[in-house]
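**Q** What follows is run-v9.pdb, PDB, C-alpha atoms.
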ATOM      1  CA  MET A   1     120.369 -18.118  11.975
ATOM      2  CA  ARG A   2     119.876 -20.947  14.508
ATOM      3  CA  ALA A   3     117.874 -18.689  16.840
ATOM      4  CA  ARG A   4     115.615 -17.765  13.910
ATOM      5  CA  SER A   5     115.000 -21.430  13.100
ATOM      6  CA  VAL A   6     114.037 -22.076  16.729
ATOM      7  CA  ILE A   7     111.591 -19.142  16.670
ATOM      8  CA  ASP A   8     110.116 -20.362  13.362
ATOM      9  CA  VAL A   9     109.602 -23.833  14.808
ATOM     10  CA  LEU A  10     108.042 -22.414  17.986
ATOM     11  CA  LEU A  11     105.669 -20.232  15.954
ATOM     12  CA  ALA A  12     104.690 -23.192  13.764
ATOM     13  CA  VAL A  13     104.061 -25.344  16.844
ATOM     14  CA  ALA A  14     101.969 -22.554  18.399
ATOM     15  CA  VAL A  15      99.837 -22.166  15.255
ATOM     16  CA  VAL A  16      99.293 -25.931  14.946
ATOM     17  CA  GLY A  17      98.511 -26.090  18.673
ATOM     18  CA  PHE A  18      95.851 -23.383  18.365
ATOM     19  CA  LEU A  19      94.315 -25.151  15.344
ATOM     20  CA  VAL A  20      94.209 -28.503  17.151
ATOM     21  CA  TYR A  21      92.738 -26.840  20.251
ATOM     22  CA  GLY A  22      90.109 -25.173  18.075
ATOM     23  CA  LEU A  23      89.145 -28.502  16.525
ATOM     24  CA  VAL A  24      89.074 -30.359  19.829
ATOM     25  CA  SER A  25      87.121 -27.678  21.695
ATOM     26  CA  LYS A  26      84.664 -27.208  18.840
ATOM     27  CA  GLY A  27      82.279 -29.590  20.567
ATOM     28  CA  ASN A  28      81.645 -33.252  20.897
ATOM     29  CA  SER A  29      80.318 -35.257  18.027
ATOM     30  CA  ARG A  30      76.927 -36.873  18.390
ATOM     31  CA  LEU A  31      76.893 -40.107  20.370
ATOM     32  CA  ALA A  32      76.906 -43.050  17.960
ATOM     33  CA  VAL A  33      74.812 -46.195  18.248
ATOM     34  CA  GLY A  34      76.736 -48.719  20.367
ATOM     35  CA  GLU A  35      78.666 -46.035  22.249
ATOM     36  CA  LYS A  36      78.347 -45.777  26.011
ATOM     37  CA  ALA A  37      76.375 -42.743  27.133
ATOM     38  CA  PRO A  38      77.956 -40.225  29.506
ATOM     39  CA  SER A  39      76.314 -40.264  32.909
ATOM     40  CA  PRO A  40      77.572 -37.513  35.191
ATOM     41  CA  GLU A  41      75.917 -36.639  38.496
ATOM     42  CA  LEU A  42      73.284 -33.928  38.021
ATOM     43  CA  PRO A  43      70.911 -32.205  40.438
ATOM     44  CA  LYS A  44      67.423 -33.685  40.547
ATOM     45  CA  LEU A  45      64.857 -31.222  39.173
ATOM     46  CA  THR A  46      61.851 -31.694  41.406
ATOM     47  CA  GLU A  47      63.460 -32.967  44.591
ATOM     48  CA  PRO A  48      66.693 -32.384  46.485
ATOM     49  CA  GLY A  49      69.787 -34.434  45.770
ATOM     50  CA  GLN A  50      71.786 -35.658  42.813
ATOM     51  CA  GLY A  51      71.015 -38.282  40.241
ATOM     52  CA  SER A  52      72.760 -39.964  37.329
ATOM     53  CA  LEU A  53      71.856 -42.132  34.359
ATOM     54  CA  LYS A  54      74.082 -44.791  35.956
ATOM     55  CA  GLU A  55      71.304 -45.434  38.484
ATOM     56  CA  TYR A  56      69.152 -46.855  35.696
ATOM     57  CA  ARG A  57      71.676 -49.411  34.396
ATOM     58  CA  GLY A  58      69.858 -52.700  33.897
ATOM     59  CA  ARG A  59      66.838 -50.899  32.435
ATOM     60  CA  TRP A  60      66.175 -49.502  28.991
ATOM     61  CA  VAL A  61      66.239 -45.709  29.327
ATOM     62  CA  LEU A  62      64.812 -43.119  26.982
ATOM     63  CA  VAL A  63      66.808 -39.956  27.730
ATOM     64  CA  ASN A  64      64.815 -36.876  26.770
ATOM     65  CA  PHE A  65      66.676 -33.540  26.663
ATOM     66  CA  TRP A  66      64.186 -30.713  27.019
ATOM     67  CA  ALA A  67      63.666 -27.171  28.328
ATOM     68  CA  SER A  68      60.590 -25.322  29.517
ATOM     69  CA  TRP A  69      61.156 -22.497  26.983
ATOM     70  CA  CYS A  70      61.207 -24.922  24.051
ATOM     71  CA  VAL A  71      57.922 -25.137  22.141
ATOM     72  CA  PRO A  72      58.524 -28.579  20.501
ATOM     73  CA  CYS A  73      59.301 -29.908  24.008
ATOM     74  CA  ARG A  74      55.795 -28.901  25.071
ATOM     75  CA  ASP A  75      54.414 -30.702  22.019
ATOM     76  CA  GLU A  76      56.179 -33.989  22.768
ATOM     77  CA  ALA A  77      55.750 -34.011  26.577
ATOM     78  CA  PRO A  78      52.254 -35.621  26.593
ATOM     79  CA  ALA A  79      53.422 -38.457  24.295
ATOM     80  CA  LEU A  80      56.445 -39.165  26.501
ATOM     81  CA  SER A  81      54.335 -39.084  29.639
ATOM     82  CA  LYS A  82      51.816 -41.522  28.122
ATOM     83  CA  PHE A  83      54.583 -43.822  26.844
ATOM     84  CA  GLU A  84      56.139 -43.914  30.327
ATOM     85  CA  GLU A  85      52.744 -44.747  31.847
ATOM     86  CA  GLU A  86      52.299 -47.638  29.397
ATOM     87  CA  HIS A  87      55.835 -49.048  29.344
ATOM     88  CA  GLY A  88      57.630 -47.691  32.411
ATOM     89  CA  GLY A  89      58.639 -50.093  35.154
ATOM     90  CA  GLN A  90      61.554 -52.260  36.178
ATOM     91  CA  LYS A  91      62.770 -52.737  32.626
ATOM     92  CA  PHE A  92      62.197 -49.322  31.108
ATOM     93  CA  THR A  93      61.986 -45.688  32.131
ATOM     94  CA  VAL A  94      62.043 -42.266  30.556
ATOM     95  CA  VAL A  95      64.573 -39.865  32.128
ATOM     96  CA  GLY A  96      64.046 -36.199  31.360
ATOM     97  CA  ILE A  97      67.033 -33.862  31.434
ATOM     98  CA  ASP A  98      66.010 -30.227  31.710
ATOM     99  CA  THR A  99      68.825 -28.397  29.979
ATOM    100  CA  GLN A 100      69.919 -24.722  29.970
ATOM    101  CA  ASP A 101      66.814 -23.796  31.860
ATOM    102  CA  ILE A 102      65.815 -22.123  35.126
ATOM    103  CA  SER A 103      65.063 -25.009  37.504
ATOM    104  CA  ASP A 104      61.838 -23.392  38.791
ATOM    105  CA  ASP A 105      60.577 -23.053  35.210
ATOM    106  CA  GLY A 106      61.478 -26.704  34.607
ATOM    107  CA  ALA A 107      59.655 -27.817  37.748
ATOM    108  CA  LYS A 108      56.541 -25.865  36.684
ATOM    109  CA  PHE A 109      56.693 -27.530  33.266
ATOM    110  CA  ALA A 110      56.915 -30.965  34.907
ATOM    111  CA  LYS A 111      53.889 -30.181  37.065
ATOM    112  CA  GLU A 112      51.914 -28.799  34.130
ATOM    113  CA  PHE A 113      52.422 -31.975  32.080
ATOM    114  CA  GLY A 114      52.237 -34.345  35.049
ATOM    115  CA  LEU A 115      55.664 -35.851  34.361
ATOM    116  CA  THR A 116      56.194 -38.695  36.808
ATOM    117  CA  TYR A 117      59.445 -40.083  35.436
ATOM    118  CA  PRO A 118      62.868 -39.082  36.876
ATOM    119  CA  LEU A 119      63.946 -35.549  35.995
ATOM    120  CA  LEU A 120      67.454 -34.105  36.206
ATOM    121  CA  HIS A 121      68.668 -30.533  35.744
ATOM    122  CA  ASP A 122      71.590 -29.867  33.391
ATOM    123  CA  GLY A 123      71.786 -26.084  33.860
ATOM    124  CA  ASN A 124      74.853 -25.354  31.724
ATOM    125  CA  GLY A 125      73.992 -27.990  29.114
ATOM    126  CA  ASP A 126      77.302 -29.836  29.535
ATOM    127  CA  ASN A 127      75.668 -33.260  29.776
ATOM    128  CA  GLY A 128      73.727 -32.550  26.600
ATOM    129  CA  HIS A 129      76.938 -31.466  24.863
ATOM    130  CA  GLU A 130      78.587 -34.744  25.918
ATOM    131  CA  PHE A 131      75.794 -36.561  24.125
ATOM    132  CA  GLY A 132      76.467 -34.280  21.160
ATOM    133  CA  THR A 133      73.127 -32.500  21.293
ATOM    134  CA  THR A 134      72.755 -29.379  19.209
ATOM    135  CA  GLY A 135      69.433 -28.239  20.640
ATOM    136  CA  VAL A 136      66.272 -29.379  22.358
ATOM    137  CA  PRO A 137      64.396 -31.616  22.300
ATOM    138  CA  GLU A 138      66.586 -34.624  21.537
ATOM    139  CA  ASN A 139      65.924 -38.242  22.491
ATOM    140  CA  TYR A 140      68.341 -41.122  23.110
ATOM    141  CA  LEU A 141      67.342 -44.695  23.844
ATOM    142  CA  LEU A 142      69.931 -46.489  25.969
ATOM    143  CA  GLU A 143      70.282 -50.253  26.323
ATOM    144  CA  PRO A 144      70.401 -51.714  29.865
ATOM    145  CA  SER A 145      74.227 -51.627  29.547
ATOM    146  CA  GLY A 146      74.109 -47.849  29.004
ATOM    147  CA  LYS A 147      74.998 -48.051  25.308
ATOM    148  CA  LEU A 148      73.064 -46.050  22.735
ATOM    149  CA  ALA A 149      70.504 -48.078  20.785
ATOM    150  CA  TRP A 150      68.562 -45.372  18.932
ATOM    151  CA  ALA A 151      68.434 -41.582  18.801
ATOM    152  CA  VAL A 152      66.487 -38.770  17.243
ATOM    153  CA  ALA A 153      67.611 -35.143  17.128
ATOM    154  CA  GLY A 154      64.219 -33.593  17.530
ATOM    155  CA  PRO A 155      60.845 -34.214  19.100
ATOM    156  CA  VAL A 156      59.184 -37.613  19.261
ATOM    157  CA  ASP A 157      55.497 -38.373  19.005
ATOM    158  CA  ALA A 158      53.371 -41.390  19.962
ATOM    159  CA  ARG A 159      53.811 -43.016  16.538
ATOM    160  CA  MET A 160      57.611 -42.724  16.593
ATOM    161  CA  LEU A 161      57.787 -44.113  20.107
ATOM    162  CA  GLU A 162      55.604 -47.097  19.171
ATOM    163  CA  GLU A 163      57.527 -47.736  15.939
ATOM    164  CA  HIS A 164      61.108 -47.216  17.107
ATOM    165  CA  VAL A 165      61.230 -47.633  20.881
ATOM    166  CA  ALA A 166      58.488 -50.104  21.850
ATOM    167  CA  PRO A 167      59.800 -52.941  19.589
ATOM    168  CA  LEU A 168      63.238 -52.740  21.247
ATOM    169  CA  LEU A 169      61.849 -53.123  24.765
ATOM    170  CA  PRO A 170      61.432 -56.570  26.368
ATOM    171  CA  PRO A 171      58.225 -58.145  25.019
ATOM    172  CA  GLU A 172      56.627 -58.948  28.372
ATOM    173  CA  LYS A 173      54.656 -56.359  30.253
ATOM    174  CA  ASN A 174      57.388 -54.793  32.344
ATOM    175  CA  LYS A 175      55.419 -52.886  34.914
ATOM    176  CA  SER A 176      56.811 -53.386  38.399
TER     177      SER A 176
ATOM    178  CA  MET B   1      35.960  24.802  50.903
ATOM    179  CA  ARG B   2      37.034  21.931  53.119
ATOM    180  CA  ARG B   3      36.648  19.471  50.233
ATOM    181  CA  LEU B   4      38.715  21.695  48.008
ATOM    182  CA  ARG B   5      41.471  21.807  50.622
ATOM    183  CA  LEU B   6      41.417  18.019  50.946
ATOM    184  CA  SER B   7      41.602  17.637  47.179
ATOM    185  CA  LEU B   8      44.582  19.985  47.053
ATOM    186  CA  VAL B   9      46.390  18.012  49.777
ATOM    187  CA  LEU B  10      45.749  14.735  47.937
ATOM    188  CA  LEU B  11      46.953  16.269  44.687
ATOM    189  CA  ALA B  12      50.135  17.481  46.377
ATOM    190  CA  LEU B  13      50.739  14.002  47.851
ATOM    191  CA  ALA B  14      50.230  12.367  44.465
ATOM    192  CA  ALA B  15      52.649  14.845  42.912
ATOM    193  CA  LEU B  16      55.216  13.913  45.543
ATOM    194  CA  LEU B  17      54.766  10.176  45.084
ATOM    195  CA  LEU B  18      54.761  10.183  41.262
ATOM    196  CA  PRO B  19      58.451  11.007  40.782
ATOM    197  CA  THR B  20      59.374   8.438  43.457
ATOM    198  CA  ALA B  21      57.507   5.693  41.613
ATOM    199  CA  ALA B  22      59.020   6.791  38.301
ATOM    200  CA  GLY B  23      62.459   6.845  39.927
ATOM    201  CA  ALA B  24      62.003   3.336  41.306
ATOM    202  CA  ALA B  25      60.940   2.057  37.894
ATOM    203  CA  SER B  26      63.913   3.772  36.300
ATOM    204  CA  ALA B  27      66.311   2.301  38.920
ATOM    205  CA  LEU B  28      64.838  -1.166  38.253
ATOM    206  CA  ARG B  29      65.386  -0.697  34.524
ATOM    207  CA  THR B  30      68.978   0.473  35.101
ATOM    208  CA  GLU B  31      69.730  -2.516  37.327
ATOM    209  CA  LEU B  32      68.230  -4.924  34.770
ATOM    210  CA  ASN B  33      70.173  -3.349  31.910
ATOM    211  CA  GLU B  34      73.392  -3.471  33.917
ATOM    212  CA  ILE B  35      73.036  -7.171  34.700
ATOM    213  CA  GLU B  36      71.898  -8.067  31.181
ATOM    214  CA  GLY B  37      75.085  -6.441  29.911
ATOM    215  CA  GLU B  38      77.251  -8.581  32.173
ATOM    216  CA  VAL B  39      75.774 -12.037  31.651
ATOM    217  CA  MET B  40      75.368 -14.343  28.689
ATOM    218  CA  CYS B  41      72.465 -16.065  27.053
ATOM    219  CA  PRO B  42      73.939 -19.629  27.265
ATOM    220  CA  VAL B  43      71.896 -20.982  24.359
ATOM    221  CA  CYS B  44      72.637 -18.068  21.985
ATOM    222  CA  GLY B  45      76.273 -17.546  23.043
ATOM    223  CA  THR B  46      75.822 -13.753  23.095
ATOM    224  CA  LEU B  47      75.357 -11.132  25.779
ATOM    225  CA  LEU B  48      71.893 -11.409  27.265
ATOM    226  CA  GLU B  49      71.120  -7.789  26.373
ATOM    227  CA  LEU B  50      71.552  -8.669  22.676
ATOM    228  CA  ALA B  51      69.598 -11.915  22.814
ATOM    229  CA  GLU B  52      65.917 -12.346  22.057
ATOM    230  CA  SER B  53      65.541 -16.130  22.082
ATOM    231  CA  PRO B  54      62.883 -17.860  24.222
ATOM    232  CA  GLN B  55      65.612 -18.947  26.659
ATOM    233  CA  ALA B  56      66.872 -15.354  26.921
ATOM    234  CA  THR B  57      63.331 -14.158  27.631
ATOM    235  CA  ARG B  58      63.049 -16.606  30.530
ATOM    236  CA  GLU B  59      66.484 -15.608  31.827
ATOM    237  CA  LYS B  60      65.492 -11.909  31.724
ATOM    238  CA  ALA B  61      62.258 -12.689  33.586
ATOM    239  CA  PHE B  62      64.281 -14.580  36.198
ATOM    240  CA  ILE B  63      66.601 -11.581  36.700
ATOM    241  CA  GLU B  64      63.661  -9.158  36.865
ATOM    242  CA  LYS B  65      62.016 -11.310  39.532
ATOM    243  CA  LEU B  66      65.191 -11.278  41.663
ATOM    244  CA  VAL B  67      65.643  -7.512  41.180
ATOM    245  CA  LYS B  68      62.071  -6.962  42.382
ATOM    246  CA  GLN B  69      62.844  -9.160  45.393
ATOM    247  CA  GLY B  70      65.560  -6.651  46.243
ATOM    248  CA  GLN B  71      68.558  -8.919  45.598
ATOM    249  CA  SER B  72      71.879  -7.250  44.861
ATOM    250  CA  LYS B  73      73.690  -7.534  41.533
ATOM    251  CA  ASP B  74      76.200 -10.014  42.969
ATOM    252  CA  GLU B  75      73.446 -12.150  44.473
ATOM    253  CA  ILE B  76      71.607 -12.218  41.150
ATOM    254  CA  LYS B  77      74.767 -13.149  39.263
ATOM    255  CA  GLN B  78      75.409 -15.943  41.768
ATOM    256  CA  ALA B  79      71.827 -17.169  41.301
ATOM    257  CA  LEU B  80      72.441 -17.250  37.542
ATOM    258  CA  VAL B  81      75.686 -19.193  38.056
ATOM    259  CA  ASP B  82      73.754 -21.672  40.234
ATOM    260  CA  GLN B  83      71.296 -22.158  37.383
ATOM    261  CA  TYR B  84      73.547 -22.098  34.319
ATOM    262  CA  GLY B  85      77.109 -22.534  35.609
ATOM    263  CA  ASP B  86      80.089 -20.166  35.329
ATOM    264  CA  GLU B  87      79.619 -19.887  31.562
ATOM    265  CA  VAL B  88      76.720 -17.497  32.150
ATOM    266  CA  LEU B  89      79.126 -14.760  33.271
ATOM    267  CA  ALA B  90      80.285 -12.556  30.383
ATOM    268  CA  GLU B  91      83.437 -11.688  32.329
ATOM    269  CA  PRO B  92      85.289 -14.855  33.345
ATOM    270  CA  LYS B  93      86.132 -15.406  37.001
ATOM    271  CA  GLY B  94      89.706 -14.636  38.068
ATOM    272  CA  SER B  95      90.461 -18.158  39.234
ATOM    273  CA  GLY B  96      91.008 -21.653  37.839
ATOM    274  CA  PHE B  97      91.032 -22.096  34.072
ATOM    275  CA  SER B  98      89.073 -18.827  33.636
ATOM    276  CA  LEU B  99      92.164 -16.982  34.873
ATOM    277  CA  SER B 100      93.776 -17.780  31.507
ATOM    278  CA  ALA B 101      91.370 -15.282  29.900
ATOM    279  CA  TYR B 102      93.277 -12.540  31.754
ATOM    280  CA  VAL B 103      96.765 -14.041  31.787
ATOM    281  CA  VAL B 104      97.061 -15.194  28.160
ATOM    282  CA  PRO B 105      96.636 -11.714  26.572
ATOM    283  CA  ILE B 106      99.253 -10.245  28.945
ATOM    284  CA  VAL B 107     101.709 -13.072  28.282
ATOM    285  CA  ALA B 108     101.040 -12.816  24.529
ATOM    286  CA  PHE B 109     101.699  -9.059  24.660
ATOM    287  CA  ILE B 110     105.000  -9.533  26.537
ATOM    288  CA  VAL B 111     106.091 -12.299  24.128
ATOM    289  CA  ALA B 112     105.208 -10.059  21.153
ATOM    290  CA  ILE B 113     107.260  -7.171  22.590
ATOM    291  CA  VAL B 114     110.238  -9.478  23.232
ATOM    292  CA  LEU B 115     110.019 -10.935  19.705
ATOM    293  CA  LEU B 116     109.737  -7.460  18.191
ATOM    294  CA  ALA B 117     112.732  -6.184  20.190
ATOM    295  CA  PHE B 118     114.717  -9.268  19.145
ATOM    296  CA  ALA B 119     113.778  -8.754  15.489
ATOM    297  CA  VAL B 120     114.720  -5.031  15.580
ATOM    298  CA  TRP B 121     118.040  -5.892  17.228
ATOM    299  CA  LYS B 122     118.735  -8.504  14.530
ATOM    300  CA  TRP B 123     117.823  -6.117  11.703
ATOM    301  CA  ARG B 124     120.043  -3.390  13.095
ATOM    302  CA  ARG B 125     122.902  -5.826  13.556
ATOM    303  CA  ALA B 126     122.501  -7.130  10.013
ATOM    304  CA  ALA B 127     122.403  -3.551   8.654
ATOM    305  CA  GLY B 128     125.582  -2.709  10.624
ATOM    306  CA  SER B 129     127.484  -5.690   9.257
ATOM    307  CA  ARG B 130     126.361  -4.800   5.709
ATOM    308  CA  ASP B 131     127.827  -1.306   6.199
ATOM    309  CA  ASP B 132     131.123  -2.819   7.368
ATOM    310  CA  LYS B 133     131.365  -5.116   4.357
ATOM    311  CA  ARG B 134     130.500  -2.420   1.777
ATOM    312  CA  PRO B 135     133.671  -1.616  -0.304
ATOM    313  CA  GLU B 136     134.919   1.935  -0.137
ATOM    314  CA  VAL B 137     134.090   3.868  -3.283
ATOM    315  CA  GLU B 138     137.095   5.423  -4.875
ATOM    316  CA  GLY B 139     136.940   8.406  -7.166
ATOM    317  CA  PRO B 140     138.009   8.217 -10.838
ATOM    318  CA  SER B 141     141.711   7.868 -11.488
ATOM    319  CA  ASP B 142     143.698  10.694 -13.121
ATOM    320  CA  GLU B 143     143.691   8.774 -16.381
ATOM    321  CA  ASP B 144     139.892   8.372 -16.273
ATOM    322  CA  ARG B 145     139.449  12.015 -15.424
ATOM    323  CA  GLU B 146     141.589  13.078 -18.400
ATOM    324  CA  ARG B 147     139.641  10.829 -20.710
ATOM    325  CA  LEU B 148     136.347  12.196 -19.365
ATOM    326  CA  ASP B 149     137.491  15.786 -19.905
ATOM    327  CA  ALA B 150     138.555  14.948 -23.426
ATOM    328  CA  ASP B 151     135.217  13.321 -24.203
ATOM    329  CA  LEU B 152     133.285  16.236 -22.781
ATOM    330  CA  ALA B 153     135.422  18.656 -24.783
ATOM    331  CA  ARG B 154     134.476  16.838 -27.969
ATOM    332  CA  TYR B 155     130.812  17.468 -27.273
ATOM    333  CA  ASP B 156     131.385  21.067 -26.269
ATOM    334  CA  LEU B 157     129.265  23.135 -28.673
TER     335      LEU B 157
END
Would you write out, as structure tokens, the structure that this file holds?
**A**
Amino acid sequence: MRARSVIDVLLAVAVVGFLVYGLVSKGNSRLAVGEKAPSPELPKLTEPGQGSLKEYRGRWVLVNFWASWCVPCRDEAPALSKFEEEHGGQKFTVVGIDTQDISDDGAKFAKEFGLTYPLLHDGNGDNGHEFGTTGVPENYLLEPSGKLAWAVAGPVDARMLEEHVAPLLPPEKNKS
Amino acid sequence: MRRLRLSLVLLALAALLLPTAAGAASALRTELNEIEGEVMCPVCGTLLELAESPQATREKAFIEKLVKQGQSKDEIKQALVDQYGDEVLAEPKGSGFSLSAYVVPIVAFIVAIVLLAFAVWKWRRAAGSRDDKRPEVEGPSDEDRERLDADLARYDL
């Protein structure tokens, strides 16, 4: 009778364990405003070496998750490039993270759209999952401290960038 | 006559080369199909051979390019791992955490067999003890038998 109770308890623990594991491994929830963004080391897309979002602490950073095979990413790329040209500098930069993509395809995409801002390659999409992304494109504006200030799960356009991102940036012209 | 002979030689050469080209194309297709059946489409979460998303299309083009370059299956799989990480392999690697994909089913099977054997042993033991406790059935007493005979005789037609 005692052995049976032990087995019952062990089975119950195993079932609960599997359920908890299922919930925990289901995926990360989307990064909330005020939360610190994950910033692992990732390979740079268009040059050798590694890079991380940590390198941009002290600047406002618009993190853009994209992929060369994603049509909406093609649509938003010119707006992001233009916004970087107008606002990029010592106080703000766009950082593109090419996710779940062949790096050569990503590099061709960057060349095609003349992307001059820093680009990282997140081949397995883990960094995107840490942000809680569910697809591409997704955009996250980080404060200089690395905390999330604003996010949109989808493409941005010039109007959205001017309405939601530009007002949060330091008022002075921040070109270096 | 000479032109005819030349034409015949050219025709024979073309006939020889045609199956070779067809064979090469068929080998390429086989190699592609083999690899697509062993790797995943990371975005779709399915085998690449079943996927038709834009990302899968790019991944297939990448594999085809490497096959045409003459890279072996292992080299192509490694190139895919370099691009997408270990998750791109449909069959997990036999080391690190991925090893659990092989070990857990075996351990689960052994545990199930042990539990089943334990349960059968317990059932048999319980059945044995029930047999021991069962009271012996005695036949009717002489008095009962006489009464039964008398009753039956009353209904004898």
**Q** Given a cut-off of 6 Å, which residues of chain A touch chain B, counting only C-alpha atoms, written out as a list of chain:residue names?
**A**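 Per the criterion, chain A yields A:Trp69, A:Ile102, A:Gly123, A:Asn124.
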**Q** Just say which residues the PyMOL selection byres ((chain A and resi 133-136) around 7) picks in this file, as a PyMOL selection string.
**A** chain A and resi 30+65-67+70+128-129+131-132+137-138+154
**Q** What's the 9 Å shell around stretch 70-77 of chain B, counting only C-alpha atoms, without same-chain residues fewer than 3 positions away, as a PyMOL selection string?
**A** chain B and resi 31+34-35+38-39+63+65-67+80-82+88-89
**Q** Tell me which protein, DNA and RNA residues are within 10 Å of stretch 167-172 of chain A, counting all atoms listed in the file, leaving out same-chain ones fewer than 2 positions away, and put them as a list in words.
**A**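 Once the nearby chain positions are removed, what remains is Arg59, Trp60, Val61, His87, Lys91, Phe92, Leu141, Glu143, Ala149, Trp150, Leu161, Glu162, Glu163, His164, Val165, Asn174 and Lys175 of chain A.
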**Q** Counting all atoms listed in the file, select every polymer residue within 10 Å of (77.2, -44.4, 21.0) as defined in the file's coordinates, and provide the selection as a PDB file with C-alpha atoms, in the coordinates of the input.
**A**
ATOM      1  CA  ARG A  30      76.927 -36.873  18.390  1.00  0.00           C
ATOM      2  CA  LEU A  31      76.893 -40.107  20.370  1.00  0.00           C
ATOM      3  CA  ALA A  32      76.906 -43.050  17.960  1.00  0.00           C
ATOM      4  CA  VAL A  33      74.812 -46.195  18.248  1.00  0.00           C
ATOM      5  CA  GLY A  34      76.736 -48.719  20.367  1.00  0.00           C
ATOM      6  CA  GLU A  35      78.666 -46.035  22.249  1.00  0.00           C
ATOM      7  CA  LYS A  36      78.347 -45.777  26.011  1.00  0.00           C
ATOM      8  CA  ALA A  37      76.375 -42.743  27.133  1.00  0.00           C
ATOM      9  CA  PRO A  38      77.956 -40.225  29.506  1.00  0.00           C
ATOM     10  CA  PHE A 131      75.794 -36.561  24.125  1.00  0.00           C
ATOM     11  CA  TYR A 140      68.341 -41.122  23.110  1.00  0.00           C
ATOM     12  CA  LEU A 142      69.931 -46.489  25.969  1.00  0.00           C
ATOM     13  CA  GLY A 146      74.109 -47.849  29.004  1.00  0.00           C
ATOM     14  CA  LYS A 147      74.998 -48.051  25.308  1.00  0.00           C
ATOM     15  CA  LEU A 148      73.064 -46.050  22.735  1.00  0.00           C
ATOM     16  CA  ALA A 149      70.504 -48.078  20.785  1.00  0.00           C
ATOM     17  CA  TRP A 150      68.562 -45.372  18.932  1.00  0.00           C
ATOM     18  CA  ALA A 151      68.434 -41.582  18.801  1.00  0.00           C
TER      19      ALA A 151
END
**Q** Just to confirm, what's the straight-line distance from atom CA of A:Ser68 to atom CA of A:Gly114 in Å (one decimal)?
**A**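 Interatomic distance here is 13.5 Å.
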**Q** Identify, on the basis of all atoms listed in the file, every residue whose closest approach to B:Phe118 does not exceed 12 Å; exclude the query and any residue fewer than 5 positions from it along the same chain; express the result as an mmCIF file with C-alpha atoms, in the coordinates of the input.
**A**
data_model
loop_
_atom_site.group_PDB
_atom_site.id
_atom_site.type_symbol
_atom_site.label_atom_id
_atom_site.label_comp_id
_atom_site.auth_asym_id
_atom_site.auth_seq_id
_atom_site.Cartn_x
_atom_site.Cartn_y
_atom_site.Cartn_z
ATOM 1 C CA ALA A 3 117.874 -18.689 16.840
ATOM 2 C CA ARG A 4 115.615 -17.765 13.910
ATOM 3 C CA ILE A 7 111.591 -19.142 16.670
ATOM 4 C CA VAL B 111 106.091 -12.299 24.128
ATOM 5 C CA ALA B 112 105.208 -10.059 21.153
ATOM 6 C CA ILE B 113 107.260 -7.171 22.590
ATOM 7 C CA TRP B 123 117.823 -6.117 11.703
ATOM 8 C CA ARG B 124 120.043 -3.390 13.095
ATOM 9 C CA ARG B 125 122.902 -5.826 13.556
#
**Q** Put the listed atoms of stretch 66-76 of chain A in a box along x, y and z with 6 Å added on every side and give me the centre and edge lengths in Å to one decimal, as JSON.
**A**
{"center_x": 59.3, "center_y": -28.2, "center_z": 25.0, "size_x": 21.8, "size_y": 23.5, "size_z": 21.0}
**Q** Can you list, as a list in words, the residues that the PyMOL selection byres ((chain A and resi 122) around 8) selects here?
**A**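 So the PyMOL selection byres ((chain A and resi 122) around 8), applied here, picks out Leu42, Pro43, Ile97, Asp98, Thr99, Gln100, Asp101, Leu120, His121, Gly123, Asn124, Gly125, Asp126, Asn127 and Gly128 of chain A.
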**Q** Would you mind reading off the distance between atom CA of A:Lys111 and atom CA of A:Ser52, one decimal, in Å?
**A** 21.3 Å
**Q** For a test of reading the model, state the distance in Å between atom CA of A:Arg159 and atom CA of A:Lys54, rounded to one decimal.
**A**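 These two atoms are separated by 28.1 Å.
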**Q** Let me know the residues the PyMOL selection byres ((chain A and resi 80) around 12) catches in the file above, as an NGL selection string.
**A** :A and (62-66 or 73-79 or 81-88 or 93-96 or 110 or 113-117 or 137 or 139 or 155-162 or 165)
**Q** Place N, CA and C atoms on stretch 86-92 of chain B and deliver the coordinates as a short mmCIF file (atom, residue, chain, number, x, y, z; two decimals), in the frame of the given file.
**A**
data_model
loop_
_atom_site.label_atom_id
_atom_site.label_comp_id
_atom_site.auth_asym_id
_atom_site.auth_seq_id
_atom_site.Cartn_x
_atom_site.Cartn_y
_atom_site.Cartn_z
N ASP B 86 79.23 -21.35 35.49
CA ASP B 86 80.09 -20.17 35.33
C ASP B 86 80.01 -19.54 33.94
N GLU B 87 79.64 -20.37 32.95
CA GLU B 87 79.62 -19.89 31.56
C GLU B 87 78.65 -18.74 31.36
N VAL B 88 77.73 -18.55 32.32
CA VAL B 88 76.72 -17.50 32.15
C VAL B 88 77.33 -16.11 32.37
N LEU B 89 78.49 -16.05 33.03
CA LEU B 89 79.13 -14.76 33.27
C LEU B 89 79.88 -14.31 32.02
N ALA B 90 79.61 -13.06 31.58
CA ALA B 90 80.28 -12.56 30.38
C ALA B 90 81.76 -12.33 30.68
N GLU B 91 82.06 -11.92 31.93
CA GLU B 91 83.44 -11.69 32.33
C GLU B 91 83.89 -12.90 33.12
N PRO B 92 84.89 -13.64 32.62
CA PRO B 92 85.29 -14.86 33.34
C PRO B 92 85.81 -14.56 34.75
#
